[in-house]
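Enquirer: If it helps, the file is called upload-v9.tsv and holds TSV, C-alpha atoms:
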```tsv
chain	number	residue	atom	x	y	z
A	277	MET	CA	42.93	-189.40	68.82
A	278	SER	CA	43.87	-186.83	66.20
A	279	LEU	CA	41.73	-187.68	63.15
A	280	TYR	CA	38.52	-185.90	62.17
A	281	LEU	CA	36.16	-187.34	59.57
A	282	GLY	CA	34.14	-185.17	57.19
A	283	ILE	CA	31.25	-186.40	55.00
A	284	ASP	CA	29.55	-184.36	52.28
A	285	THR	CA	26.90	-185.68	49.89
A	286	SER	CA	26.11	-182.70	47.70
A	287	ASN	CA	23.98	-182.55	44.58
A	288	TYR	CA	26.80	-183.72	42.28
A	289	THR	CA	29.64	-185.17	44.38
A	290	THR	CA	30.09	-187.82	47.05
A	291	SER	CA	33.06	-186.92	49.24
A	292	VAL	CA	34.78	-187.97	52.48
A	293	ALA	CA	37.88	-186.49	54.12
A	294	LEU	CA	40.14	-186.96	57.12
A	295	PHE	CA	41.95	-184.09	58.85
A	296	ASP	CA	44.92	-185.02	61.03
A	297	SER	CA	45.29	-182.37	63.72
A	298	ALA	CA	48.71	-183.77	64.73
A	299	THR	CA	50.25	-183.15	61.31
A	300	GLY	CA	47.85	-180.61	59.79
A	301	SER	CA	47.40	-182.88	56.77
A	302	MET	CA	44.18	-183.52	54.88
A	303	VAL	CA	43.31	-186.55	52.74
A	304	GLN	CA	40.08	-186.99	50.83
A	305	GLN	CA	38.24	-189.26	48.46
A	306	LYS	CA	35.49	-187.97	46.20
A	307	LYS	CA	33.56	-188.98	43.12
A	308	LEU	CA	31.13	-187.18	40.85
A	309	LEU	CA	27.64	-188.58	40.62
A	310	PRO	CA	27.04	-190.12	37.17
A	311	VAL	CA	25.11	-187.88	34.79
A	312	LYS	CA	24.04	-189.17	31.39
A	313	GLU	CA	25.61	-187.52	28.37
A	314	GLY	CA	23.64	-184.49	27.22
A	315	GLN	CA	21.89	-184.00	30.55
A	316	LEU	CA	22.36	-181.00	32.82
A	317	GLY	CA	22.06	-182.70	36.19
A	318	LEU	CA	20.20	-185.17	38.39
A	319	ARG	CA	16.87	-185.43	40.11
A	320	GLN	CA	17.23	-185.53	43.89
A	321	SER	CA	15.94	-189.12	44.00
A	322	ASP	CA	18.70	-190.18	41.60
A	323	ALA	CA	21.31	-188.24	43.58
A	324	VAL	CA	20.27	-190.03	46.78
A	325	PHE	CA	20.52	-193.39	45.03
A	326	HIS	CA	24.00	-192.71	43.63
A	327	HIS	CA	25.31	-191.36	46.95
A	328	THR	CA	24.10	-194.53	48.65
A	329	ALA	CA	25.90	-196.63	46.04
A	330	GLN	CA	29.18	-194.65	46.16
A	331	LEU	CA	29.68	-193.57	49.76
A	332	HIS	CA	30.72	-196.88	51.28
A	333	THR	CA	33.40	-197.45	48.61
A	334	LEU	CA	34.93	-194.00	49.09
A	335	PHE	CA	34.86	-194.42	52.87
A	336	SER	CA	36.62	-197.80	52.63
A	337	MET	CA	39.33	-196.24	50.46
A	338	LEU	CA	39.74	-193.33	52.89
A	339	VAL	CA	40.28	-195.47	56.00
A	340	SER	CA	42.14	-198.37	54.36
A	341	ASP	CA	45.49	-197.37	55.87
A	342	ILE	CA	44.43	-195.85	59.19
A	343	ASP	CA	43.25	-197.10	62.57
A	344	THR	CA	39.66	-195.91	62.86
A	345	LYS	CA	40.10	-195.79	66.65
A	346	GLU	CA	42.11	-192.63	65.98
A	347	ILE	CA	38.99	-190.84	64.68
A	348	ALA	CA	37.92	-188.44	67.42
A	349	ALA	CA	34.75	-187.00	65.89
A	350	ILE	CA	32.64	-186.87	62.73
A	351	GLY	CA	31.36	-183.86	60.83
A	352	ALA	CA	28.63	-184.00	58.20
A	353	SER	CA	26.93	-181.59	55.80
A	354	VAL	CA	23.23	-181.76	56.59
A	355	ARG	CA	21.83	-178.85	54.55
A	356	PRO	CA	22.86	-176.48	51.76
A	357	ARG	CA	23.16	-173.25	53.81
A	358	PRO	CA	23.33	-172.34	57.50
A	359	ILE	CA	19.86	-170.79	57.53
A	360	GLU	CA	16.49	-171.96	58.81
A	361	GLY	CA	14.53	-174.01	56.27
A	362	SER	CA	17.53	-174.91	54.11
A	363	TYR	CA	17.05	-178.50	52.95
A	364	MET	CA	18.04	-180.86	50.17
A	365	PRO	CA	17.37	-184.63	50.27
A	366	CYS	CA	20.82	-185.68	49.03
A	367	PHE	CA	22.43	-184.52	52.28
A	368	THR	CA	20.43	-187.07	54.27
A	369	VAL	CA	22.67	-189.85	52.91
A	370	GLY	CA	25.81	-188.42	54.46
A	371	GLU	CA	24.01	-187.32	57.61
A	372	ASN	CA	22.51	-190.75	58.28
A	373	THR	CA	25.81	-192.51	57.55
A	374	ALA	CA	27.52	-190.17	60.02
A	375	LYS	CA	24.86	-190.92	62.64
A	376	ILE	CA	25.45	-194.68	62.27
A	377	LEU	CA	29.22	-194.30	62.58
A	378	SER	CA	28.88	-191.95	65.53
A	379	SER	CA	26.68	-194.43	67.38
A	380	ALA	CA	28.86	-197.44	66.51
A	381	TRP	CA	32.14	-195.76	67.42
A	382	LYS	CA	30.66	-193.76	70.32
A	383	ILE	CA	32.21	-190.49	69.19
A	384	PRO	CA	30.65	-187.03	68.73
A	385	LEU	CA	28.85	-185.98	65.55
A	386	TYR	CA	28.78	-182.32	64.50
A	387	SER	CA	26.47	-180.94	61.82
A	388	PHE	CA	27.35	-178.19	59.37
A	389	SER	CA	26.05	-176.78	56.11
A	390	HIS	CA	27.52	-177.44	52.69
A	391	GLN	CA	28.19	-173.72	52.26
A	392	GLU	CA	30.16	-173.54	55.51
A	393	GLY	CA	32.24	-176.46	54.28
A	394	HIS	CA	33.13	-174.59	51.09
A	395	ILE	CA	34.19	-171.49	53.02
A	396	ALA	CA	36.22	-173.50	55.53
A	397	ALA	CA	37.94	-175.46	52.74
A	398	ALA	CA	38.99	-172.20	51.11
A	399	LEU	CA	40.42	-170.78	54.36
A	400	PHE	CA	42.20	-174.05	55.16
A	401	SER	CA	43.73	-174.60	51.72
A	402	ALA	CA	44.80	-170.96	51.36
A	403	ASP	CA	46.38	-171.01	54.84
A	404	ARG	CA	44.10	-168.15	55.90
A	405	THR	CA	42.42	-169.65	58.96
A	406	ASP	CA	43.17	-166.33	60.67
A	407	LEU	CA	40.02	-165.07	58.93
A	408	PHE	CA	37.91	-167.18	61.31
A	409	THR	CA	38.44	-164.36	63.81
A	410	GLN	CA	37.58	-161.60	61.34
A	411	THR	CA	34.58	-160.39	59.38
A	412	PHE	CA	35.04	-161.15	55.70
A	413	LEU	CA	33.19	-161.39	52.41
A	414	ALA	CA	32.63	-164.95	51.19
A	415	PHE	CA	31.42	-165.84	47.71
A	416	HIS	CA	29.99	-169.31	47.09
A	417	VAL	CA	29.74	-169.76	43.32
A	418	SER	CA	28.71	-173.11	41.88
A	419	GLY	CA	26.01	-174.85	39.89
A	420	GLY	CA	23.61	-174.72	42.80
A	421	THR	CA	24.53	-171.38	44.37
A	422	THR	CA	25.71	-167.93	43.39
A	423	GLU	CA	25.72	-165.70	46.42
A	424	ALA	CA	27.93	-163.60	48.64
A	425	VAL	CA	27.69	-163.44	52.41
A	426	ILE	CA	29.29	-161.43	55.16
A	427	ALA	CA	30.81	-164.16	57.33
A	428	HIS	CA	32.38	-164.48	60.77
A	429	GLY	CA	33.56	-167.61	62.55
A	430	GLN	CA	31.43	-168.86	65.41
A	431	ASP	CA	31.05	-172.01	67.49
A	432	SER	CA	28.90	-173.89	64.97
A	433	GLY	CA	30.84	-172.82	61.87
A	434	PHE	CA	30.03	-169.38	60.48
A	435	ALA	CA	27.54	-166.64	61.22
A	436	ILE	CA	26.45	-165.23	57.88
A	437	GLU	CA	24.52	-162.27	56.54
A	438	MET	CA	23.35	-162.32	52.93
A	439	ALA	CA	25.02	-159.56	50.92
A	440	ALA	CA	24.25	-160.41	47.28
A	441	LYS	CA	22.90	-163.19	45.11
A	442	THR	CA	21.82	-164.11	41.62
A	443	LEU	CA	18.20	-163.32	40.82
A	444	ASP	CA	17.89	-166.08	38.23
A	445	LEU	CA	20.55	-168.44	36.88
A	446	ASN	CA	23.53	-169.63	38.93
A	447	ALA	CA	26.99	-169.11	37.46
A	448	GLY	CA	27.66	-172.85	37.32
A	449	GLN	CA	24.38	-173.40	35.51
A	450	ALA	CA	25.39	-170.83	32.89
A	451	VAL	CA	28.75	-172.59	32.46
A	452	ASP	CA	27.10	-176.00	32.02
A	453	ARG	CA	24.34	-174.79	29.71
A	454	VAL	CA	26.80	-173.00	27.44
A	455	GLY	CA	29.13	-175.99	27.64
A	456	LEU	CA	26.44	-178.39	26.47
A	457	MET	CA	25.58	-175.89	23.74
A	458	LEU	CA	29.18	-176.20	22.57
A	459	GLY	CA	29.17	-179.99	22.65
A	460	LEU	CA	30.94	-180.46	25.99
A	461	ARG	CA	30.00	-182.98	28.64
A	462	PHE	CA	28.52	-182.13	32.05
A	463	PRO	CA	30.03	-180.85	34.29
A	464	CYS	CA	31.55	-178.49	31.75
A	465	GLY	CA	33.70	-176.08	33.78
A	466	MET	CA	37.18	-177.43	33.08
A	467	ALA	CA	36.51	-178.18	29.40
A	468	LEU	CA	34.93	-174.75	28.88
A	469	GLU	CA	37.98	-173.06	30.39
A	470	GLN	CA	40.29	-175.06	28.11
A	471	LEU	CA	38.18	-174.14	25.09
A	472	ALA	CA	38.12	-170.46	26.07
A	473	ALA	CA	41.93	-170.45	26.29
A	474	GLN	CA	42.02	-171.03	22.53
A	475	ASN	CA	40.23	-167.74	21.81
A	476	THR	CA	42.36	-164.95	20.34
A	477	GLU	CA	39.67	-162.29	19.81
A	478	PRO	CA	39.06	-159.47	22.30
A	479	ILE	CA	36.03	-159.96	24.53
A	480	LYS	CA	33.81	-157.21	25.90
A	481	ALA	CA	31.08	-158.27	28.32
A	482	ARG	CA	28.83	-156.24	30.60
A	483	PRO	CA	27.17	-157.35	33.84
A	484	THR	CA	23.43	-157.11	34.47
A	485	MET	CA	23.00	-155.82	38.01
A	486	LYS	CA	20.18	-154.84	40.37
A	487	GLY	CA	21.93	-153.23	43.30
A	488	CYS	CA	24.40	-155.79	44.64
A	489	ASP	CA	22.45	-158.66	43.05
A	490	CYS	CA	23.02	-159.97	39.56
A	491	CYS	CA	21.16	-161.60	36.67
A	492	LEU	CA	22.94	-164.30	34.67
A	493	SER	CA	20.22	-165.79	32.47
A	494	GLY	CA	21.18	-163.39	29.70
A	495	VAL	CA	24.61	-165.00	29.43
A	496	GLU	CA	23.13	-168.19	28.02
A	497	ASN	CA	20.96	-166.27	25.56
A	498	ARG	CA	23.83	-164.09	24.33
A	499	CYS	CA	26.08	-167.11	23.89
A	500	ARG	CA	23.41	-168.89	21.88
A	501	LYS	CA	23.07	-165.85	19.61
A	502	LEU	CA	26.83	-165.54	19.19
A	503	LEU	CA	27.03	-169.17	18.12
A	504	ALA	CA	24.13	-168.70	15.68
A	505	ASP	CA	25.88	-165.63	14.26
A	506	GLY	CA	28.92	-167.72	13.40
A	507	LYS	CA	31.25	-166.91	16.27
A	508	SER	CA	33.78	-169.65	17.03
A	509	LYS	CA	33.29	-172.05	19.92
A	510	PRO	CA	36.41	-170.72	21.73
A	511	TYR	CA	35.02	-167.18	21.43
A	512	VAL	CA	31.64	-168.20	22.85
A	513	ALA	CA	33.32	-170.09	25.70
A	514	ALA	CA	35.51	-167.08	26.50
A	515	PHE	CA	32.51	-164.73	26.34
A	516	CYS	CA	30.62	-166.89	28.84
A	517	LEU	CA	33.48	-166.91	31.35
A	518	GLU	CA	34.24	-163.21	30.89
A	519	SER	CA	30.56	-162.42	31.49
A	520	ILE	CA	30.71	-164.32	34.77
A	521	ARG	CA	33.99	-162.64	35.74
A	522	VAL	CA	32.72	-159.08	35.20
A	523	THR	CA	29.48	-159.94	37.00
A	524	LEU	CA	31.27	-161.25	40.09
A	525	ALA	CA	33.56	-158.21	40.01
A	526	ALA	CA	30.54	-155.88	39.86
A	527	MET	CA	28.99	-157.72	42.82
A	528	THR	CA	32.22	-157.43	44.80
A	529	ASP	CA	32.54	-153.71	44.07
A	530	ALA	CA	28.91	-153.06	45.04
A	531	ILE	CA	29.29	-154.97	48.31
A	532	PHE	CA	32.48	-153.09	49.18
A	533	ALA	CA	30.62	-149.84	48.53
A	534	SER	CA	27.93	-150.92	51.02
A	535	TYR	CA	29.98	-152.68	53.69
A	536	GLY	CA	33.47	-151.25	53.29
A	537	LYS	CA	36.49	-153.11	51.97
A	538	ILE	CA	37.01	-156.33	53.92
A	539	PRO	CA	38.93	-159.53	53.07
A	540	ALA	CA	37.27	-161.39	50.17
A	541	VAL	CA	37.14	-165.18	49.91
A	542	TYR	CA	35.93	-167.05	46.82
A	543	ALA	CA	34.81	-170.69	46.98
A	544	GLY	CA	32.78	-173.13	44.91
A	545	GLY	CA	33.44	-175.02	41.70
A	546	VAL	CA	33.25	-171.99	39.39
A	547	MET	CA	35.99	-170.32	41.44
A	548	SER	CA	38.55	-172.89	40.29
A	549	ASN	CA	38.63	-170.98	36.99
A	550	GLN	CA	42.15	-169.58	36.59
A	551	MET	CA	41.09	-166.57	34.53
A	552	ILE	CA	38.78	-165.35	37.29
A	553	LYS	CA	41.24	-166.28	40.05
A	554	ASN	CA	44.17	-164.43	38.49
A	555	SER	CA	42.08	-161.32	37.88
A	556	PHE	CA	40.64	-161.18	41.40
A	557	GLU	CA	43.89	-161.96	43.19
A	558	GLU	CA	45.39	-158.95	41.45
A	559	LYS	CA	42.40	-156.62	41.85
A	560	TYR	CA	41.15	-157.56	45.33
A	561	ASN	CA	44.04	-159.48	46.90
A	562	ALA	CA	41.40	-162.17	47.19
A	563	VAL	CA	41.62	-165.55	48.92
A	564	PHE	CA	40.86	-168.61	46.78
A	565	ALA	CA	40.64	-172.28	47.63
A	566	GLU	CA	43.18	-174.52	45.95
A	567	PRO	CA	41.48	-176.11	42.89
A	568	VAL	CA	41.07	-179.51	44.58
A	569	TYR	CA	39.23	-177.74	47.42
A	570	SER	CA	37.15	-175.44	45.17
A	571	SER	CA	34.73	-178.02	43.83
A	572	ASP	CA	32.46	-179.91	46.22
A	573	ASN	CA	34.48	-181.65	48.93
A	574	ALA	CA	34.33	-182.87	52.52
A	575	ALA	CA	37.66	-181.32	53.55
A	576	GLY	CA	36.07	-178.15	54.92
A	577	ILE	CA	33.64	-180.24	56.95
A	578	ALA	CA	36.49	-182.33	58.41
A	579	TYR	CA	38.34	-179.14	59.36
A	580	LEU	CA	35.22	-177.57	60.92
A	581	CYS	CA	34.72	-180.82	62.86
A	582	TYR	CA	38.19	-180.45	64.35
A	583	ARG	CA	37.59	-176.81	65.26
A	584	LYS	CA	34.22	-177.60	66.82
A	585	HIS	CA	35.59	-180.51	68.83
A	586	HIS	CA	38.40	-178.39	70.29
A	587	HIS	CA	36.41	-175.14	70.55
A	588	VAL	CA	38.93	-173.44	68.25
A	589	HIS	CA	36.56	-170.54	67.59
A	590	THR	CA	36.12	-166.91	68.35
```
Once more with this new file: its structure as C-alpha cells, please.

Expert:
Amino acid sequence: MSLYLGIDTSNYTTSVALFDSATGSMVQQKKLLPVKEGQLGLRQSDAVFHHTAQLHTLFSMLVSDIDTKEIAAIGASVRPRPIEGSYMPCFTVGENTAKILSSAWKIPLYSFSHQEGHIAAALFSADRTDLFTQTFLAFHVSGGTTEAVIAHGQDSGFAIEMAAKTLDLNAGQAVDRVGLMLGLRFPCGMALEQLAAQNTEPIKARPTMKGCDCCLSGVENRCRKLLADGKSKPYVAAFCLESIRVTLAAMTDAIFASYGKIPAVYAGGVMSNQMIKNSFEEKYNAVFAEPVYSSDNAAGIAYLCYRKHHHVHT
C-alpha cells in the first residue's frame, strides 16, 4: 500500500489529497466554502455545515480512479496550530470523517495541525524536504493567521517556537477588507493582485512594528483614506499589498537579528502573491509553496501522514 490520504477542513476550504509514496505524486481536490457576496467570511456553525455538505463529494472525486485498499494511512487536521488549547470547530468535520474511514478500513489515523500542513505543503512543493532535518523560520500568512515560528521536524510533524505575530489584523483580513472596499468579491487575494498590477504610480509604505511583532490594522484605515482622497483603485490595491510586503520583510529582518539567519519558508494563502514572492526570493533566498499549495490544502497533511507512518523524521 503506497497511498496516504490527507483531510483538511479549514475555515474557508474543504480539501482532500492523496500522496503516492511509490511515485512521489500528489493529487488533491478542494473547494472554497460559499460566502455570500459582500460578506467577509463565515460563522463557524456555517463552516461546519458547508464542510459536511462538500466533503463527501470531494472525497468521491479523489478516489474515483484508485483502489482504496492501496490507502495505507489517513492524516487529518484537527486544530489550527500545534499548541495546547488550539481549537476551531470546523476541523471536527474532517477529523470525524477520518475516524470513520480509519475504523472502517482498519488503517492508522494520524492527527496534525492545519499550520503544520501548510509548512509541509511548502517544503514538499518546493522540493525542500531536506529542511525537515534543519531549524528554519516558517511564516504562516493567511486570513486566519499571521505569524512566524522557528520550526524543526519531529515525529508528530513540527516542533515550533513562536517568533513573531500580528498584534491585531491578519494579513489576509487586510487583503479581504481592502478588496471589498474596492468592490471585489471574497476571497479577494487574486483579484486584488490583478488590480494592483495595473498601478503605474510609485508606492511608499512603512511597516508598524513592535519588536518582531507587527500591527496591520492601519493598512485598512490608510487604504480607506487614500480611496476617499481620490486615489485610483489600482493604487489603493498596490498600496495594500506593498504595506504587507514591507511588514513581512521587517518581521523577517527582526527575527534574523534575534535568531541568526536561517532558511526562511513562507506559506499560507497570502504568500501566493507574486510581488511578495519575487521580492523575498531575491532578498532572502526564501522557500515558497507552489501557488496551488499556498492556499488551504490537504496535501501537506497527506505528506505528513506518509512521513509519520514510515517514521521519516529526525

Enquirer: Against segment 514-531 of chain A, which residues of segment 384-459 of chain A fall within 8 Å? For each one I want the closest pair of atoms and the distance in Å (one decimal), counting all atoms listed in the file, rows by chain and increasing residue number, as CSV.

Expert:
```
residue,atom,partner,partner_atom,distance
A:Ala439,CA,A:Ile531,CA,6.8
A:Ala440,CA,A:Met527,CA,7.0
A:Ala447,CA,A:Ile520,CA,6.6
A:Ala450,CA,A:Cys516,CA,7.7
A:Val451,CA,A:Cys516,CA,7.0
A:Val454,CA,A:Cys516,CA,7.3
```

Enquirer: Write the residues of the preceding selection, restricted to C-alpha atoms, as an mmCIF file, keeping the file's coordinate frame.

Expert:
```
data_model
loop_
_atom_site.group_PDB
_atom_site.id
_atom_site.type_symbol
_atom_site.label_atom_id
_atom_site.label_comp_id
_atom_site.auth_asym_id
_atom_site.auth_seq_id
_atom_site.Cartn_x
_atom_site.Cartn_y
_atom_site.Cartn_z
ATOM 1 C CA ALA A 439 25.020 -159.560 50.920
ATOM 2 C CA ALA A 440 24.250 -160.410 47.280
ATOM 3 C CA ALA A 447 26.990 -169.110 37.460
ATOM 4 C CA ALA A 450 25.390 -170.830 32.890
ATOM 5 C CA VAL A 451 28.750 -172.590 32.460
ATOM 6 C CA VAL A 454 26.800 -173.000 27.440
#
```

Enquirer: Interatomic distance between atom CA of Asp296 of chain A and atom CA of Ser278 of chain A?

Expert: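 Between atom CA of Asp296 of chain A and atom CA of Ser278 of chain A the gap is 5.6 Å.
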
Enquirer: What does the distance between atom CA of Val495 of chain A and atom CA of Ala424 of chain A come to in Å, to one decimal place?

Expert: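 Separation between atom CA of Val495 of chain A and atom CA of Ala424 of chain A: 19.5 Å.
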
Enquirer: Considering only C-alpha atoms, can you say which of A:Asp403, A:Glu477, A:Asp452, A:Asp572 comes closest to Gly300 of chain A?

Expert: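 With only C-alpha atoms as the atom set, the closest residue is A:Asp403.
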
Enquirer: So, counting all atoms listed in the file, which residue among A:Ala473, A:Ala352, A:Val512, A:Leu334 is closest to Asn549 of chain A?

Expert: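 Looking only at the distances to Asn549 of chain A, the closest residue turns out to be A:Ala473.
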
Enquirer: One decimal, in Å: what's the spacing between atom CA of Glu437 of chain A and atom CA of Phe412 of chain A?

Expert: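 So the two atoms, atom CA of Glu437 of chain A and atom CA of Phe412 of chain A, lie 10.6 Å apart.
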
Enquirer: If we count only C-alpha atoms, what is near Gly282 of chain A at a cut-off of 7 Å, once residues fewer than 3 positions away on the same chain are taken out, given as an mmCIF file with C-alpha atoms, keeping the file's coordinate frame?

Expert:
```cif
data_model
loop_
_atom_site.group_PDB
_atom_site.id
_atom_site.type_symbol
_atom_site.label_atom_id
_atom_site.label_comp_id
_atom_site.auth_asym_id
_atom_site.auth_seq_id
_atom_site.Cartn_x
_atom_site.Cartn_y
_atom_site.Cartn_z
ATOM 1 C CA VAL A 292 34.780 -187.970 52.480
ATOM 2 C CA ALA A 293 37.880 -186.490 54.120
ATOM 3 C CA LEU A 294 40.140 -186.960 57.120
ATOM 4 C CA ILE A 350 32.640 -186.870 62.730
ATOM 5 C CA GLY A 351 31.360 -183.860 60.830
ATOM 6 C CA ALA A 352 28.630 -184.000 58.200
ATOM 7 C CA ALA A 574 34.330 -182.870 52.520
ATOM 8 C CA ALA A 575 37.660 -181.320 53.550
ATOM 9 C CA ILE A 577 33.640 -180.240 56.950
ATOM 10 C CA ALA A 578 36.490 -182.330 58.410
#
```

Enquirer: My list of candidates is A:Met364, A:Gly487, A:Arg357, A:Leu458. Which is closest to Ala435 of chain A when distances are computed with all atoms listed in the file?

Expert: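 Between A:Met364, A:Gly487, A:Arg357, A:Leu458, the residue approaching Ala435 of chain A most closely is A:Arg357.
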